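Data block for coords-v8.txt (compact mmCIF, C-alpha atoms and all ligand atoms):
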# COMPACT_ATOMS: atom_id res chain seq x y z
CA MET A 22 20.78 -10.26 13.99
CA SER A 23 18.17 -12.80 12.96
CA ALA A 24 15.79 -11.98 10.14
CA ARG A 25 12.98 -9.81 11.43
CA LEU A 26 10.18 -11.60 9.57
CA ASP A 27 11.41 -15.17 9.84
CA GLY A 28 8.53 -17.60 9.31
CA LYS A 29 6.04 -14.81 8.64
CA VAL A 30 3.66 -14.64 5.67
CA ALA A 31 2.73 -11.36 4.00
CA VAL A 32 0.21 -10.49 1.30
CA ILE A 33 0.94 -7.36 -0.73
CA THR A 34 -1.56 -5.94 -3.20
CA GLY A 35 -0.17 -4.03 -6.16
CA GLY A 36 2.99 -5.99 -5.42
CA ALA A 37 4.15 -6.55 -9.00
CA GLN A 38 6.08 -3.27 -9.26
CA GLY A 39 6.94 0.03 -7.60
CA ILE A 40 6.43 0.47 -3.87
CA GLY A 41 4.65 -2.90 -3.47
CA LEU A 42 7.53 -4.80 -5.04
CA ALA A 43 10.06 -2.87 -2.93
CA ILE A 44 8.11 -3.93 0.18
CA ALA A 45 8.09 -7.54 -1.05
CA ARG A 46 11.88 -7.44 -1.60
CA ARG A 47 12.48 -6.08 1.89
CA PHE A 48 10.12 -8.58 3.52
CA VAL A 49 11.73 -11.53 1.69
CA ASP A 50 15.20 -10.26 2.67
CA GLU A 51 13.97 -10.41 6.28
CA GLY A 52 12.83 -14.02 5.98
CA ALA A 53 9.15 -13.64 5.04
CA ARG A 54 7.26 -15.52 2.37
CA VAL A 55 5.07 -13.24 0.28
CA VAL A 56 1.99 -13.50 -1.89
CA LEU A 57 1.62 -10.69 -4.40
CA GLY A 58 -1.79 -9.72 -5.78
CA ASP A 59 -1.91 -7.59 -8.90
CA LEU A 60 -3.78 -7.06 -12.15
CA ASN A 61 -0.59 -7.19 -14.21
CA THR A 62 0.23 -10.87 -14.67
CA ALA A 63 3.40 -10.36 -16.73
CA ALA A 64 4.86 -8.07 -14.07
CA LEU A 65 3.75 -10.52 -11.35
CA GLU A 66 5.64 -13.35 -13.04
CA ALA A 67 8.81 -11.28 -13.29
CA ALA A 68 8.48 -10.14 -9.67
CA VAL A 69 8.07 -13.70 -8.36
CA ALA A 70 11.13 -14.85 -10.32
CA GLU A 71 13.19 -11.93 -9.00
CA LEU A 72 12.14 -12.65 -5.42
CA GLY A 73 13.36 -16.25 -5.63
CA GLY A 74 10.45 -18.26 -7.05
CA GLY A 75 7.59 -20.26 -5.61
CA ASP A 76 9.22 -21.29 -2.31
CA VAL A 77 9.24 -17.69 -1.11
CA ALA A 78 6.88 -15.79 -3.39
CA LEU A 79 3.64 -16.42 -5.23
CA GLY A 80 1.76 -14.19 -7.65
CA VAL A 81 -2.01 -14.14 -7.86
CA GLN A 82 -3.99 -12.25 -10.46
CA CYS A 83 -6.29 -10.10 -8.38
CA ASP A 84 -8.43 -7.02 -8.82
CA VAL A 85 -8.65 -5.41 -5.39
CA THR A 86 -12.04 -3.89 -6.22
CA SER A 87 -13.45 -7.44 -6.14
CA SER A 88 -13.94 -8.87 -2.66
CA SER A 89 -13.93 -12.42 -4.03
CA ASP A 90 -10.57 -11.79 -5.75
CA VAL A 91 -9.14 -10.44 -2.49
CA ASP A 92 -10.57 -13.37 -0.50
CA GLY A 93 -8.93 -15.72 -3.04
CA LEU A 94 -5.60 -13.90 -2.69
CA ILE A 95 -5.65 -14.32 1.08
CA ASP A 96 -6.76 -17.95 0.82
CA THR A 97 -3.72 -18.61 -1.36
CA ALA A 98 -1.42 -17.30 1.37
CA VAL A 99 -3.08 -19.37 4.06
CA VAL A 100 -3.25 -22.57 1.99
CA ALA A 101 0.23 -22.32 0.44
CA PHE A 102 2.23 -20.80 3.29
CA GLY A 103 0.10 -21.57 6.36
CA SER A 104 -0.82 -18.18 7.80
CA LEU A 105 -1.31 -14.48 7.20
CA ASP A 106 0.80 -12.27 9.45
CA VAL A 107 1.07 -9.05 7.44
CA MET A 108 -1.39 -7.54 4.97
CA VAL A 109 -0.26 -4.60 2.85
CA ASN A 110 -3.08 -2.83 0.98
CA ASN A 111 -1.00 -0.99 -1.58
CA ALA A 112 -2.60 -1.35 -5.05
CA GLY A 113 -3.31 1.98 -6.64
CA ILE A 114 -3.93 4.04 -9.74
CA THR A 115 -4.34 7.69 -10.62
CA ARG A 116 -6.85 9.31 -12.95
CA ASP A 117 -5.91 12.96 -12.45
CA ALA A 118 -8.05 15.77 -13.84
CA THR A 119 -9.61 18.91 -12.46
CA MET A 120 -13.31 18.62 -11.64
CA ARG A 121 -14.19 20.42 -14.88
CA LYS A 122 -12.80 17.45 -16.79
CA MET A 123 -12.92 14.48 -14.42
CA THR A 124 -15.62 11.98 -15.35
CA GLU A 125 -17.82 10.23 -12.86
CA GLU A 126 -16.21 6.95 -13.97
CA GLU A 127 -12.74 8.30 -13.14
CA PHE A 128 -13.94 9.35 -9.70
CA ASP A 129 -15.61 6.00 -9.01
CA LEU A 130 -12.68 3.91 -10.27
CA VAL A 131 -10.10 5.66 -8.09
CA ILE A 132 -12.33 5.40 -5.01
CA ASP A 133 -12.97 1.74 -5.78
CA VAL A 134 -9.33 0.73 -6.26
CA HIS A 135 -7.93 2.58 -3.26
CA LEU A 136 -10.69 2.82 -0.68
CA LYS A 137 -12.83 -0.20 -1.47
CA GLY A 138 -9.67 -2.17 -2.27
CA ALA A 139 -8.15 -1.33 1.11
CA TRP A 140 -11.43 -2.15 2.84
CA ASN A 141 -11.66 -5.50 1.03
CA GLY A 142 -8.08 -6.32 2.10
CA THR A 143 -8.48 -5.09 5.67
CA ARG A 144 -11.72 -6.99 6.19
CA ALA A 145 -10.47 -10.25 4.70
CA ALA A 146 -7.13 -10.08 6.56
CA ALA A 147 -8.88 -9.23 9.83
CA ALA A 148 -11.00 -12.37 9.55
CA ILE A 149 -7.87 -14.55 9.57
CA MET A 150 -5.84 -12.46 12.03
CA ARG A 151 -8.70 -12.28 14.54
CA GLU A 152 -8.64 -16.10 14.84
CA GLN A 153 -4.86 -16.10 15.04
CA GLY A 154 -4.80 -13.39 17.71
CA SER A 155 -2.07 -11.49 15.90
CA GLY A 156 -1.29 -9.60 12.72
CA ALA A 157 -0.32 -6.28 11.19
CA ILE A 158 -2.29 -4.50 8.48
CA ILE A 159 -0.61 -1.68 6.56
CA ASN A 160 -2.65 0.60 4.31
CA MET A 161 -1.06 2.86 1.71
CA SER A 162 -2.43 6.38 2.01
CA SER A 163 -0.72 9.46 0.56
CA ILE A 164 0.20 12.98 1.53
CA SER A 165 -2.40 13.88 -1.12
CA GLY A 166 -5.06 12.68 1.35
CA LYS A 167 -3.74 15.03 4.03
CA VAL A 168 -3.43 18.26 2.07
CA GLY A 169 -5.49 17.68 -1.12
CA PHE A 170 -3.89 18.20 -4.55
CA ILE A 171 -5.39 20.06 -7.49
CA GLY A 172 -6.49 17.51 -10.10
CA GLN A 173 -6.87 14.77 -7.48
CA THR A 174 -10.34 15.19 -5.97
CA ASN A 175 -10.78 11.45 -6.53
CA TYR A 176 -7.34 10.35 -5.26
CA SER A 177 -7.16 12.79 -2.30
CA ALA A 178 -10.64 11.69 -1.18
CA ALA A 179 -9.70 8.01 -1.47
CA LYS A 180 -6.42 8.47 0.40
CA ALA A 181 -8.10 10.49 3.18
CA GLY A 182 -10.75 7.77 3.35
CA ILE A 183 -8.01 5.20 3.89
CA VAL A 184 -6.93 7.13 6.99
CA GLY A 185 -10.47 6.91 8.43
CA LEU A 186 -10.67 3.22 7.54
CA THR A 187 -7.31 2.59 9.21
CA LYS A 188 -8.30 4.31 12.45
CA ALA A 189 -11.72 2.66 12.68
CA ALA A 190 -10.30 -0.79 11.89
CA ALA A 191 -7.47 -0.21 14.41
CA LYS A 192 -10.05 0.38 17.14
CA GLU A 193 -12.11 -2.66 16.16
CA LEU A 194 -9.11 -4.97 16.12
CA ALA A 195 -6.79 -3.67 18.85
CA HIS A 196 -8.09 -5.99 21.58
CA LEU A 197 -7.59 -8.97 19.25
CA GLY A 198 -3.85 -8.41 18.85
CA VAL A 199 -4.17 -6.98 15.34
CA ARG A 200 -2.60 -3.60 14.56
CA VAL A 201 -3.68 -1.42 11.62
CA ASN A 202 -1.54 1.50 10.46
CA ALA A 203 -1.09 3.60 7.34
CA ILE A 204 1.82 5.07 5.46
CA ALA A 205 1.44 8.40 3.68
CA PRO A 206 4.27 8.66 1.16
CA GLY A 207 5.22 11.92 -0.47
CA LEU A 208 6.88 11.98 -3.90
CA ILE A 209 8.36 8.54 -4.52
CA ARG A 210 10.11 7.61 -7.73
CA THR A 211 7.94 4.92 -9.42
CA ALA A 212 6.10 4.38 -12.71
CA MET A 213 3.12 6.23 -11.20
CA THR A 214 5.09 9.45 -10.63
CA GLU A 215 7.45 9.14 -13.57
CA ALA A 216 4.38 9.45 -15.80
CA MET A 217 3.95 13.04 -14.52
CA PRO A 218 4.79 15.97 -16.76
CA GLU A 219 8.28 17.40 -15.96
CA ARG A 220 6.77 20.72 -14.87
CA ILE A 221 4.59 19.06 -12.20
CA TRP A 222 7.49 16.89 -11.00
CA GLU A 223 9.68 20.03 -10.58
CA SER A 224 6.94 21.92 -8.71
CA LYS A 225 6.59 19.01 -6.27
CA MET A 226 10.36 18.77 -5.83
CA ALA A 227 10.45 22.45 -4.86
CA GLU A 228 8.17 21.67 -1.88
CA ILE A 229 10.43 18.99 -0.38
CA PRO A 230 12.70 20.23 2.43
CA MET A 231 15.11 17.33 1.83
CA GLY A 232 15.36 18.45 -1.79
CA ARG A 233 14.87 15.03 -3.35
CA ALA A 234 12.24 12.44 -4.19
CA GLY A 235 12.04 9.30 -2.08
CA GLU A 236 12.91 5.80 -3.25
CA PRO A 237 10.48 2.84 -2.97
CA SER A 238 12.97 1.18 -0.60
CA GLU A 239 12.47 4.09 1.82
CA ILE A 240 8.75 3.24 2.03
CA ALA A 241 9.63 -0.46 2.36
CA SER A 242 11.73 0.15 5.47
CA VAL A 243 8.81 1.94 7.13
CA ALA A 244 6.49 -0.92 6.13
CA LEU A 245 8.98 -3.34 7.72
CA PHE A 246 8.87 -1.34 10.96
CA LEU A 247 5.04 -1.46 10.95
CA ALA A 248 5.09 -5.20 10.17
CA THR A 249 7.31 -6.21 13.10
CA PRO A 250 6.95 -6.09 16.90
CA GLU A 251 9.29 -3.07 16.85
CA SER A 252 6.05 -1.10 16.38
CA SER A 253 4.14 -3.23 18.92
CA TYR A 254 2.43 -0.25 20.66
CA LEU A 255 1.54 1.57 17.45
CA THR A 256 -1.92 1.28 15.96
CA GLY A 257 -4.24 3.62 14.04
CA CYS A 258 -1.28 5.82 13.05
CA VAL A 259 -0.36 7.43 9.77
CA LEU A 260 3.39 7.65 9.20
CA GLU A 261 4.25 10.45 6.75
CA VAL A 262 7.29 9.56 4.67
CA THR A 263 7.80 12.71 2.66
CA GLY A 264 11.27 14.15 3.20
CA GLY A 265 9.58 16.82 5.32
CA ARG A 266 7.02 17.90 2.71
CA HIS A 267 3.66 19.18 4.02
CA ILE A 268 4.46 18.50 7.67
P1 LIG A 301 2.74 1.72 -9.45
O1 LIG A 301 1.83 2.20 -10.51
O2 LIG A 301 4.21 1.57 -9.74
O3 LIG A 301 2.22 0.32 -8.86
C1 LIG A 301 0.87 0.10 -8.55
C2 LIG A 301 0.55 -1.37 -8.74
O4 LIG A 301 -0.83 -1.56 -8.41
C3 LIG A 301 0.75 -1.87 -10.17
O5 LIG A 301 1.49 -3.06 -10.18
C4 LIG A 301 -0.68 -2.08 -10.67
O6 LIG A 301 -0.79 -3.11 -11.65
C5 LIG A 301 -1.39 -2.44 -9.38
N1 LIG A 301 -2.85 -2.24 -9.47
C6 LIG A 301 -3.51 -1.17 -9.98
N2 LIG A 301 -4.84 -1.37 -9.91
C7 LIG A 301 -5.02 -2.58 -9.31
C8 LIG A 301 -6.17 -3.33 -8.95
N3 LIG A 301 -7.42 -2.90 -9.20
N4 LIG A 301 -5.98 -4.54 -8.36
C9 LIG A 301 -4.74 -4.99 -8.11
N5 LIG A 301 -3.61 -4.33 -8.45
C10 LIG A 301 -3.76 -3.14 -9.04
O7 LIG A 301 2.51 2.73 -8.23
P2 LIG A 301 3.32 2.99 -6.88
O8 LIG A 301 3.90 4.35 -6.98
O9 LIG A 301 4.19 1.83 -6.53
O10 LIG A 301 2.10 3.09 -5.86
C11 LIG A 301 1.83 2.13 -4.85
C12 LIG A 301 0.90 2.75 -3.82
O11 LIG A 301 1.55 3.88 -3.21
C13 LIG A 301 -0.41 3.30 -4.42
O12 LIG A 301 -1.47 3.07 -3.51
C14 LIG A 301 -0.13 4.78 -4.53
O13 LIG A 301 -1.31 5.53 -4.54
C15 LIG A 301 0.70 5.00 -3.28
N6 LIG A 301 1.50 6.22 -3.31
C16 LIG A 301 2.48 6.40 -4.24
C17 LIG A 301 3.23 7.56 -4.22
C18 LIG A 301 4.34 7.83 -5.20
O14 LIG A 301 4.89 8.94 -5.17
N7 LIG A 301 4.72 6.87 -6.04
C19 LIG A 301 2.94 8.56 -3.29
C20 LIG A 301 1.92 8.35 -2.37
C21 LIG A 301 1.21 7.17 -2.38
Go ahead and render the structure in this file as structure tokens.
Amino acid sequence: MSARLDGKVAVITGGAQGIGLAIARRFVDEGARVVLGDLNTAALEAAVAELGGGDVALGVQCDVTSSSDVDGLIDTAVVAFGSLDVMVNNAGITRDATMRKMTEEEFDLVIDVHLKGAWNGTRAAAAIMREQGSGAIINMSSISGKVGFIGQTNYSAAKAGIVGLTKAAAKELAHLGVRVNAIAPGLIRTAMTEAMPERIWESKMAEIPMGRAGEPSEIASVALFLATPESSYLTGCVLEVTGGRHI
């Protein structure tokens, strides 16, 4: 079988580690060239080297809360690799606390990185893809946005907001050949979740019918499906990848 993303160019925010890097690995394995945008320049450098260097992967320092940074990230893909076929808005952070303790800054920052970041990426990618008449945009939501988690009023709100953004953008762009979908992962083993206290990790595990956490590669394979014509009639959807949790 030929590579499923041969000749395609993908931009992945938060691509220096975790789920974003797993998506980059999978896309490169399928023949894509990728541009990773991330705040962490040391991790970006290591990721680019691991992916095979500058012929297939580039790293751009980018803060997704800044529309000019995101525009610059996308420009890099178009100038260096010639197009933008897949945009993955994946960068994320957590600042968990119950509302008694959460500061206004922690609320604003999480909304900015996830929701504004995904909007910046969706808008900038749509501008290129609209002209091209094709493209796939993939936004990273979370099961936290569907059910709401204690201590995540900021994160759950941002992730639910990403679902609304995805659906509205899907409707705006459908007639232009651009599809917009979201992935809502459950508990995936990355630096973000490994920072959780053991007790919280165990309580989440107890809710998972499959009885295990997911691996970043299991989100990457769903992203690959959304990036290719195999999902050609799918837009405005949220694919829950949770091992059956909170269905
Ligand atoms: P991670 O912490 O391993 O990676 C996140 C990456 O985003 C890091 O490289 C970080 O430097 C980058 N980043 C953070 N703020 C940024 C900014 N302002 N601009 C650019 N880059 C920035 O986390 P992960 O688990 O790989 O999470 C990836 C995405 O998946 C996030 O949107 C997260 O909310 C979502 N998600 C994760 C899980 C999980 O269980 N791990 C579950 C549901 C959703």
* **Cut-off 7 Å around (3.4, -17.2, -6.0) with only C-alpha atoms: residues as a PyMOL selection string** => chain A and resi 56-57+69+75+78-81
* To do: Compile the contact shell of Gly41 of chain A as a PyMOL selection string: residues with an atom at most 8 Å away, counting all atoms listed in the file, same-chain residues fewer than 5 positions apart removed.
  => chain A and resi 33-36+111-112
* Asked: In terms of the shortest atom-to-atom distance over all atoms listed in the file, which of A:Gly74, A:Gly52, A:Gly169, A:Gly103 is closest to ligand LIG 301 (chain A)?
  ->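 Closest residue, counting all atoms listed in the file: A:Gly169.
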* To do: Please provide the set of residues having any atom within 8 Å of Ile229 of chain A, restricted to only C-alpha atoms, with same-chain residues fewer than 4 positions apart removed, written as a list in words.
  =>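 Once the adjacent positions are removed, what remains is Lys225, Arg233, Ala234, Thr263, Gly264, Gly265 and Arg266 of chain A.
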If you take all atoms listed in the file and a cut-off of 6 Å, which residues of chain A touch ligand LIG 301 (chain A), and what are their nearest atom pairs and distances in Å to one decimal, in chain and number order, as a tab-separated table?
residue	atom	partner	partner_atom	distance
A:Thr34	CA	A:LIG301	N5	5.9
A:Gly35	CA	A:LIG301	O4	3.4
A:Gly36	CA	A:LIG301	O5	5.8
A:Ala37	CA	A:LIG301	O5	4.5
A:Gln38	CA	A:LIG301	O5	4.7
A:Gly39	CA	A:LIG301	O9	3.5
A:Ile40	CA	A:LIG301	O9	3.7
A:Gly41	CA	A:LIG301	O9	5.7
A:Asp59	CA	A:LIG301	N5	3.7
A:Leu60	CA	A:LIG301	N5	4.6
A:Asn61	CA	A:LIG301	O6	4.8
A:Cys83	CA	A:LIG301	C9	5.3
A:Asp84	CA	A:LIG301	N4	3.5
A:Val85	CA	A:LIG301	N4	4.1
A:Thr86	CA	A:LIG301	N3	5.6
A:Asn111	CA	A:LIG301	O12	4.5
A:Ala112	CA	A:LIG301	O4	3.8
A:Gly113	CA	A:LIG301	O12	3.8
A:Ile114	CA	A:LIG301	C6	5.2
A:Val134	CA	A:LIG301	N3	5.0
A:Met161	CA	A:LIG301	O12	5.2
A:Ser162	CA	A:LIG301	C21	5.8
A:Ser163	CA	A:LIG301	C20	4.1
A:Pro206	CA	A:LIG301	C20	4.3
A:Gly207	CA	A:LIG301	C19	4.9
A:Leu208	CA	A:LIG301	O14	3.8
A:Ile209	CA	A:LIG301	O14	3.6
A:Arg210	CA	A:LIG301	N7	5.7
A:Thr211	CA	A:LIG301	O8	4.8
A:Ala212	CA	A:LIG301	O2	4.5
A:Met213	CA	A:LIG301	O1	4.3
A:Thr214	CA	A:LIG301	N7	5.3
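Note that the spacing between atom CA of Asp106 of chain A and atom CA of Ala157 of chain A amounts to 6.3 Å.
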* **Protein/DNA/RNA residues near (-7.7, 6.1, 4.7), cut 8 Å, all atoms listed in the file, as a PyMOL selection string** => chain A and resi 136+160-162+166+179-188+203
* Ile204 of chain A environment, 9 Å, all atoms listed in the file, sequence neighbours closer than 6 positions dropped, as a ChimeraX atom specification -> /A:159-164,240,243-244,258-262
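Restricting the calculation to all atoms listed in the file, the smallest distance between Asn110 of chain A and any of A:Gly235, A:Gly58, A:Gly28, A:Gly142 is found for A:Gly142.
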* Atom pair atom CA of Val131 of chain A / atom CA of Ala67 of chain A: separation (Å) ->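 Those two atoms sit 25.9 Å apart.
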* Structure fact -> Students should find that atom CA of Arg151 of chain A and atom CA of Val30 of chain A are spaced 15.4 Å
* **Residue with smallest distance to Leu255 of chain A - pool A:Val99, A:Ala118, A:Ala195, A:Ala147, counting all atoms listed in the file** =>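 Result for the nearest residue to Leu255 of chain A: A:Ala195.
Shortest atom-to-atom contact with Ser88 of chain A among A:Ala139, A:Ala31, A:Met123, A:Leu247: A:Ala139, counting only C-alpha atoms.
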* Asked: Using only C-alpha atoms, which residue out of A:Tyr176, A:Ala43, A:Ala145, A:Ala68 lies closest to Met108 of chain A?
  -> A:Ala145
Quick one: segment 113-134 of chain A with N, CA and C atoms, as a PDB file, in the first residue's frame?
ATOM      1  N   GLY A 113      -1.402  22.424  24.189  1.00  0.00           N
ATOM      2  CA  GLY A 113      -2.259  22.520  25.368  1.00  0.00           C
ATOM      3  C   GLY A 113      -1.498  22.533  26.680  1.00  0.00           C
ATOM      4  N   ILE A 114      -2.182  23.004  27.691  1.00  0.00           N
ATOM      5  CA  ILE A 114      -1.640  23.060  29.055  1.00  0.00           C
ATOM      6  C   ILE A 114      -2.785  22.759  30.025  1.00  0.00           C
ATOM      7  N   THR A 115      -2.438  22.479  31.254  1.00  0.00           N
ATOM      8  CA  THR A 115      -3.472  22.446  32.302  1.00  0.00           C
ATOM      9  C   THR A 115      -3.043  23.375  33.444  1.00  0.00           C
ATOM     10  N   ARG A 116      -4.018  23.938  34.086  1.00  0.00           N
ATOM     11  CA  ARG A 116      -3.798  24.713  35.319  1.00  0.00           C
ATOM     12  C   ARG A 116      -4.965  24.347  36.238  1.00  0.00           C
ATOM     13  N   ASP A 117      -4.947  23.092  36.719  1.00  0.00           N
ATOM     14  CA  ASP A 117      -6.083  22.574  37.472  1.00  0.00           C
ATOM     15  C   ASP A 117      -6.169  23.172  38.878  1.00  0.00           C
ATOM     16  N   ALA A 118      -7.382  23.502  39.271  1.00  0.00           N
ATOM     17  CA  ALA A 118      -7.669  23.939  40.644  1.00  0.00           C
ATOM     18  C   ALA A 118      -9.184  24.081  40.742  1.00  0.00           C
ATOM     19  N   THR A 119      -9.724  23.842  41.922  1.00  0.00           N
ATOM     20  CA  THR A 119     -11.157  24.090  42.062  1.00  0.00           C
ATOM     21  C   THR A 119     -11.373  25.610  42.022  1.00  0.00           C
ATOM     22  N   MET A 120     -12.623  26.010  41.816  1.00  0.00           N
ATOM     23  CA  MET A 120     -12.888  27.447  41.636  1.00  0.00           C
ATOM     24  C   MET A 120     -12.530  28.271  42.875  1.00  0.00           C
ATOM     25  N   ARG A 121     -12.505  27.605  44.039  1.00  0.00           N
ATOM     26  CA  ARG A 121     -12.115  28.337  45.255  1.00  0.00           C
ATOM     27  C   ARG A 121     -10.678  28.839  45.138  1.00  0.00           C
ATOM     28  N   LYS A 122      -9.853  28.034  44.412  1.00  0.00           N
ATOM     29  CA  LYS A 122      -8.428  28.384  44.346  1.00  0.00           C
ATOM     30  C   LYS A 122      -7.972  28.889  42.984  1.00  0.00           C
ATOM     31  N   MET A 123      -8.707  28.590  41.931  1.00  0.00           N
ATOM     32  CA  MET A 123      -8.246  28.977  40.590  1.00  0.00           C
ATOM     33  C   MET A 123      -8.214  30.499  40.463  1.00  0.00           C
ATOM     34  N   THR A 124      -7.107  31.007  39.924  1.00  0.00           N
ATOM     35  CA  THR A 124      -7.023  32.457  39.722  1.00  0.00           C
ATOM     36  C   THR A 124      -7.618  32.824  38.360  1.00  0.00           C
ATOM     37  N   GLU A 125      -7.931  34.080  38.233  1.00  0.00           N
ATOM     38  CA  GLU A 125      -8.452  34.562  36.950  1.00  0.00           C
ATOM     39  C   GLU A 125      -7.401  34.360  35.844  1.00  0.00           C
ATOM     40  N   GLU A 126      -6.132  34.525  36.226  1.00  0.00           N
ATOM     41  CA  GLU A 126      -5.046  34.343  35.245  1.00  0.00           C
ATOM     42  C   GLU A 126      -5.004  32.889  34.757  1.00  0.00           C
ATOM     43  N   GLU A 127      -5.205  31.957  35.678  1.00  0.00           N
ATOM     44  CA  GLU A 127      -5.188  30.531  35.293  1.00  0.00           C
ATOM     45  C   GLU A 127      -6.370  30.201  34.379  1.00  0.00           C
ATOM     46  N   PHE A 128      -7.499  30.823  34.640  1.00  0.00           N
ATOM     47  CA  PHE A 128      -8.656  30.618  33.757  1.00  0.00           C
ATOM     48  C   PHE A 128      -8.333  31.177  32.365  1.00  0.00           C
ATOM     49  N   ASP A 129      -7.890  32.431  32.342  1.00  0.00           N
ATOM     50  CA  ASP A 129      -7.640  33.097  31.052  1.00  0.00           C
ATOM     51  C   ASP A 129      -6.565  32.373  30.227  1.00  0.00           C
ATOM     52  N   LEU A 130      -5.503  31.934  30.897  1.00  0.00           N
ATOM     53  CA  LEU A 130      -4.400  31.305  30.169  1.00  0.00           C
ATOM     54  C   LEU A 130      -4.846  30.011  29.485  1.00  0.00           C
ATOM     55  N   VAL A 131      -5.614  29.203  30.214  1.00  0.00           N
ATOM     56  CA  VAL A 131      -6.056  27.916  29.644  1.00  0.00           C
ATOM     57  C   VAL A 131      -7.029  28.146  28.479  1.00  0.00           C
ATOM     58  N   ILE A 132      -7.919  29.125  28.636  1.00  0.00           N
ATOM     59  CA  ILE A 132      -8.831  29.451  27.527  1.00  0.00           C
ATOM     60  C   ILE A 132      -8.027  29.968  26.325  1.00  0.00           C
ATOM     61  N   ASP A 133      -7.049  30.781  26.594  1.00  0.00           N
ATOM     62  CA  ASP A 133      -6.234  31.367  25.520  1.00  0.00           C
ATOM     63  C   ASP A 133      -5.458  30.306  24.744  1.00  0.00           C
ATOM     64  N   VAL A 134      -4.786  29.416  25.470  1.00  0.00           N
ATOM     65  CA  VAL A 134      -3.938  28.420  24.790  1.00  0.00           C
ATOM     66  C   VAL A 134      -4.805  27.461  23.977  1.00  0.00           C
TER      67      VAL A 134
END
